[in-house]
Amino acid sequence: MAEDSLKVNTAMVGHANGDGVHLLRDRRPVKVPLSRALNEELGGLAVSTSRSGLSTPAPPEDEDAPPSVKATSAARRELRRKQRMFPTVEYTARVSYFDPHSDYSNFRGFFVLFWVGLAIMVITAMLRNLNETGSILSFKQWPLFTQDIWELAASDLLMCASTGLSLPLHLLYKNSRGWLKWSKGGIALQSVFQAGWLWLWISWPFLREWSWTAQVFFTLHTLAMFMKMHSYAFYNGHLSTTLDRLKELDRPIEPTTPMDTAVRYPTTYTIISDAKEQVDEQDGTHPHETLPPILQLREDLAMELTSPIGNVTYAENLTVGNFLDYLLCPTLCYELEYPRTPTRSYMELFYKTLAVFGCIFLMTVTSEEFIIPVLDASHIRLSQTHHWIDGALIFAETVSTLLFPFMITFLLVFLVIFEYVLGAFAEITRFADRRFYSDWWNSSDWLEFSREWNIPVHNFFRRHVYSASRGAQLSRPVATAITFFISAVAHELVMGCITRKFRGYGFVLLMMQIPFVALQRLPGVRERRLLNNVMFWIFMIMGLSLLCALYVLV
């Protein structure tokens, strides 16, 4: 009878292995210590309940007792086990959360800690100002935010509206059968228009003598609109040429009919498509190997004229609504169609808008409390020194003092642009691809950082600068150098707007990234990712404060 009862109970709680030892099923609700005690009880194992004579021994148990009695006894024994002076600790092979081999990646608590630390910084600054000046905070830079604000708004609106000239110009290129065709004089005319447009709006803040805050905002927005306009014009120009080739195939084929393969414009989907074709070739098949050359060319041209999603075909996109939607989308590369979210979250839009103003407030406090006073004091001390050694020490001390404030400012600028501003516009337009940055904080060299820190700008430079240079039969190093050169000119322009000085410090430091990348990718150095990441952060933090000190004090 006892054996039958034991078999039934075993069937209820576990199974037997080949040696006849009963094993518990892995069931989450069962408490492991309790199940272990129950298993011992069912197996008839004797467990000593004496504890130095301080506890009353459990009464002897009948082997023929019902399972409910045995379960109750096992629970009682488990409760007594928990009261031991030295409880059992279970050990297993595990790694720590920060171990390089750990799969754990949820460190959002540090993101919360970052904001808590900033709140502590602001509260400390408020208390110090209240004690020293009698006011909570002193915003000496506040008049710069309100100065020329209406003129700035009107100029910015006019600048954005002027980019719309690209639409009628492209319709002119598309419908022309003479020298204004895109493949003939259209490219030259568009390039001249863009050069004049950029010169006008970059010079406008200098001519109007705006404050540095207004000038930096307007210059950055002008550069963004210029990249948008360039991508719209040149991608649609490529599509107009592709459409002309497709229409030529509808006519009788002649010896003069161009039969070159279809030109694929670089897009964010190019890498995926190339990988798919390589897989097909490895399998011994090709998607067009059974088509005649004419049909294959016609299909390739038609595919190029259709959006990757497949809902829009050129020239259905040449409308004012499509152009306005493109201007609002948080991207710098034009496509016929973008993936969209089903709905927009107005609460998320509210939070991101609020975060934008919050970050600007924190950047203002950081500048007022920890950057401007240091620069003012260093400027006075440098004017009173007469030996270059004293000046060098003051300069080095200034750079060291500004390291932490500029690191905070850098992180706030990153968040306000790539997380909140672009996120807000993505919510407005229901733009689904919101990967505006990658894990740039793990970068091991500057080339990796440039790819992951600002993905919209990286996509533009890869598509319209690097790929265009490669298309002109330039080598990879030359195309990379041209890309860095244009980026360095843009950074120098922004620094000139802030300080009203064009000294070339930012240009030189950014171009020096090319030899640093070459050194970091040497064999034996490339594999040391931790060391390279440490060097990246050191140069990043030092470079920001060094640039500020150079432009302001030198």
# chains A, B, ... in the order shown; residues from 1 in each chain; ligands from 1
>>> residues_around(residues="segment 455-471 of chain A", least_positions_apart="4", cutoff="7 Å", atoms="only C-alpha atoms", output="NGL selection string")
:A and (266-267 or 331-333 or 436-437 or 450-451 or 475-476 or 479-480 or 483)
>>> write_last_selection(atoms="C-alpha atoms", output="tab-separated table (two decimals), in the first residue's frame")
chain	number	residue	atom	x	y	z
A	266	PRO	CA	22.76	54.38	-52.88
A	267	THR	CA	20.08	54.03	-50.23
A	331	THR	CA	15.81	62.50	-42.13
A	332	LEU	CA	18.27	64.11	-44.53
A	333	CYS	CA	17.99	61.49	-47.30
A	436	PHE	CA	18.83	58.33	-35.06
A	437	TYR	CA	21.91	57.08	-33.21
A	450	SER	CA	30.96	59.25	-36.99
A	451	ARG	CA	28.76	56.35	-38.15
A	475	SER	CA	39.76	55.61	-54.19
A	476	ARG	CA	38.39	54.82	-50.75
A	479	ALA	CA	36.58	59.59	-50.79
A	480	THR	CA	36.94	59.32	-47.01
A	483	THR	CA	33.90	63.39	-46.60
>>> residues_around(residues="Trp212 of chain A", least_positions_apart="2", cutoff="8 Å", atoms="only C-alpha atoms", output="list in words")
Leu144, Trp210, Ala214, Gln215, Val216, Cys497, Ile498 and Thr499 of chain A
>>> atom_distance(atom1="atom CA of Asn106 of chain A", atom2="atom CA of Val416 of chain A")
21.8 Å
>>> residues_around(residues="His491 of chain A", least_positions_apart="3", cutoff="7 Å", atoms="only C-alpha atoms", output="PyMOL selection string")
chain A and resi 487-488+494-495+506-507
>>> residues_around(residues="Ile380 of chain A", least_positions_apart="4", cutoff="12 Å", atoms="only C-alpha atoms", output="PDB file with N, CA, C and O atoms, in the first residue's frame")
ATOM      1  N   PRO A 373      31.911  81.686 -16.064  1.00  0.00           N
ATOM      2  CA  PRO A 373      32.783  82.254 -15.017  1.00  0.00           C
ATOM      3  C   PRO A 373      34.234  81.808 -15.138  1.00  0.00           C
ATOM      4  O   PRO A 373      35.158  82.593 -14.886  1.00  0.00           O
ATOM      5  N   VAL A 374      34.476  80.554 -15.506  1.00  0.00           N
ATOM      6  CA  VAL A 374      35.846  80.060 -15.656  1.00  0.00           C
ATOM      7  C   VAL A 374      36.550  80.774 -16.800  1.00  0.00           C
ATOM      8  O   VAL A 374      37.724  81.187 -16.673  1.00  0.00           O
ATOM      9  N   LEU A 375      35.861  80.949 -17.919  1.00  0.00           N
ATOM     10  CA  LEU A 375      36.471  81.635 -19.063  1.00  0.00           C
ATOM     11  C   LEU A 375      36.737  83.105 -18.754  1.00  0.00           C
ATOM     12  O   LEU A 375      37.788  83.652 -19.139  1.00  0.00           O
ATOM     13  N   ASP A 376      35.813  83.761 -18.065  1.00  0.00           N
ATOM     14  CA  ASP A 376      36.031  85.174 -17.709  1.00  0.00           C
ATOM     15  C   ASP A 376      37.226  85.327 -16.777  1.00  0.00           C
ATOM     16  O   ASP A 376      38.072  86.221 -16.968  1.00  0.00           O
ATOM     17  N   GLN A 384      46.977  89.567 -17.376  1.00  0.00           N
ATOM     18  CA  GLN A 384      47.884  90.102 -16.357  1.00  0.00           C
ATOM     19  C   GLN A 384      49.212  89.360 -16.313  1.00  0.00           C
ATOM     20  O   GLN A 384      50.083  89.716 -15.512  1.00  0.00           O
ATOM     21  N   THR A 385      49.360  88.309 -17.080  1.00  0.00           N
ATOM     22  CA  THR A 385      50.622  87.558 -17.086  1.00  0.00           C
ATOM     23  C   THR A 385      51.543  88.105 -18.169  1.00  0.00           C
ATOM     24  O   THR A 385      51.089  88.630 -19.192  1.00  0.00           O
ATOM     25  N   GLY A 391      51.176  81.735 -18.645  1.00  0.00           N
ATOM     26  CA  GLY A 391      50.008  81.657 -19.523  1.00  0.00           C
ATOM     27  C   GLY A 391      49.647  80.232 -19.878  1.00  0.00           C
ATOM     28  O   GLY A 391      48.467  79.865 -19.935  1.00  0.00           O
ATOM     29  N   ILE A 394      47.907  78.638 -16.878  1.00  0.00           N
ATOM     30  CA  ILE A 394      46.527  79.116 -16.770  1.00  0.00           C
ATOM     31  C   ILE A 394      45.650  78.454 -17.829  1.00  0.00           C
ATOM     32  O   ILE A 394      44.516  78.036 -17.555  1.00  0.00           O
ATOM     33  N   PHE A 395      46.178  78.327 -19.044  1.00  0.00           N
ATOM     34  CA  PHE A 395      45.415  77.696 -20.121  1.00  0.00           C
ATOM     35  C   PHE A 395      45.137  76.236 -19.801  1.00  0.00           C
ATOM     36  O   PHE A 395      44.011  75.744 -19.990  1.00  0.00           O
ATOM     37  N   LEU A 553      40.193  82.086 -25.586  1.00  0.00           N
ATOM     38  CA  LEU A 553      41.344  82.679 -24.904  1.00  0.00           C
ATOM     39  C   LEU A 553      42.526  82.969 -25.810  1.00  0.00           C
ATOM     40  O   LEU A 553      43.395  83.768 -25.443  1.00  0.00           O
TER      41      LEU A 553
END
>>> atom_distance(atom1="atom CA of Ile417 of chain A", atom2="atom CA of Val112 of chain A")
18.7 Å
>>> residues_around(residues="Met121 of chain A", least_positions_apart="6", cutoff="12 Å", atoms="only C-alpha atoms", output="MDAnalysis selection string")
chainID A and resid 114:115 127:128 362:363 365:366 369:370 405 408
>>> closest_residue(among="A:Pro330, A:Pro143, A:Gly164, A:Pro339", to="Val312 of chain A", atoms="only C-alpha atoms")
A:Pro339
>>> closest_atom_pairs(of="segment 381-487 of chain A", to="segment 512-515 of chain A", cutoff="10 Å", atoms="only C-alpha atoms", output="CSV")
residue,atom,partner,partner_atom,distance
A:Asp445,CA,A:Gln513,CA,8.7
A:Trp446,CA,A:Gln513,CA,6.3
A:Leu447,CA,A:Gln513,CA,8.0
A:Pro477,CA,A:Ile514,CA,9.5
A:Thr480,CA,A:Ile514,CA,8.6
A:Ala481,CA,A:Ile514,CA,7.6
A:Phe484,CA,A:Ile514,CA,8.0
>>> closest_atom_pairs(of="segment 320-416 of chain A", to="segment 534-543 of chain A", cutoff="10 Å", atoms="only C-alpha atoms", output="tab-separated table")
residue	atom	partner	partner_atom	distance
A:Val399	CA	A:Met542	CA	7.5
A:Ser400	CA	A:Met542	CA	8.1
A:Leu402	CA	A:Met542	CA	8.8
A:Leu403	CA	A:Ile541	CA	6.1
A:Phe404	CA	A:Ile541	CA	7.9
A:Pro405	CA	A:Ile541	CA	9.7
A:Phe406	CA	A:Ile541	CA	7.2
A:Met407	CA	A:Ile541	CA	6.0
A:Ile408	CA	A:Ile541	CA	9.8
A:Phe410	CA	A:Ile541	CA	8.7
>>> write_last_selection(atoms="N, CA and C atoms", output="PDB file, in the first residue's frame")
ATOM      1  N   VAL A 399      41.447  74.402 -19.263  1.00  0.00           N
ATOM      2  CA  VAL A 399      40.992  73.212 -19.981  1.00  0.00           C
ATOM      3  C   VAL A 399      40.577  72.119 -18.996  1.00  0.00           C
ATOM      4  N   SER A 400      41.367  71.917 -17.940  1.00  0.00           N
ATOM      5  CA  SER A 400      41.048  70.893 -16.954  1.00  0.00           C
ATOM      6  C   SER A 400      39.755  71.209 -16.211  1.00  0.00           C
ATOM      7  N   LEU A 402      37.202  72.857 -17.297  1.00  0.00           N
ATOM      8  CA  LEU A 402      36.038  72.785 -18.183  1.00  0.00           C
ATOM      9  C   LEU A 402      35.702  71.374 -18.641  1.00  0.00           C
ATOM     10  N   LEU A 403      36.496  70.384 -18.242  1.00  0.00           N
ATOM     11  CA  LEU A 403      36.270  69.022 -18.729  1.00  0.00           C
ATOM     12  C   LEU A 403      34.886  68.508 -18.347  1.00  0.00           C
ATOM     13  N   PHE A 404      34.567  68.543 -17.074  1.00  0.00           N
ATOM     14  CA  PHE A 404      33.284  68.003 -16.634  1.00  0.00           C
ATOM     15  C   PHE A 404      32.099  68.820 -17.140  1.00  0.00           C
ATOM     16  N   PRO A 405      32.105  70.171 -17.056  1.00  0.00           N
ATOM     17  CA  PRO A 405      30.963  70.927 -17.602  1.00  0.00           C
ATOM     18  C   PRO A 405      30.714  70.666 -19.075  1.00  0.00           C
ATOM     19  N   PHE A 406      31.780  70.526 -19.859  1.00  0.00           N
ATOM     20  CA  PHE A 406      31.570  70.283 -21.285  1.00  0.00           C
ATOM     21  C   PHE A 406      31.114  68.856 -21.554  1.00  0.00           C
ATOM     22  N   MET A 407      31.494  67.911 -20.706  1.00  0.00           N
ATOM     23  CA  MET A 407      30.959  66.568 -20.861  1.00  0.00           C
ATOM     24  C   MET A 407      29.452  66.567 -20.622  1.00  0.00           C
ATOM     25  N   ILE A 408      29.000  67.295 -19.591  1.00  0.00           N
ATOM     26  CA  ILE A 408      27.566  67.400 -19.328  1.00  0.00           C
ATOM     27  C   ILE A 408      26.863  68.098 -20.489  1.00  0.00           C
ATOM     28  N   PHE A 410      27.826  68.281 -23.611  1.00  0.00           N
ATOM     29  CA  PHE A 410      27.853  67.402 -24.775  1.00  0.00           C
ATOM     30  C   PHE A 410      26.733  66.366 -24.704  1.00  0.00           C
TER      31      PHE A 410
END
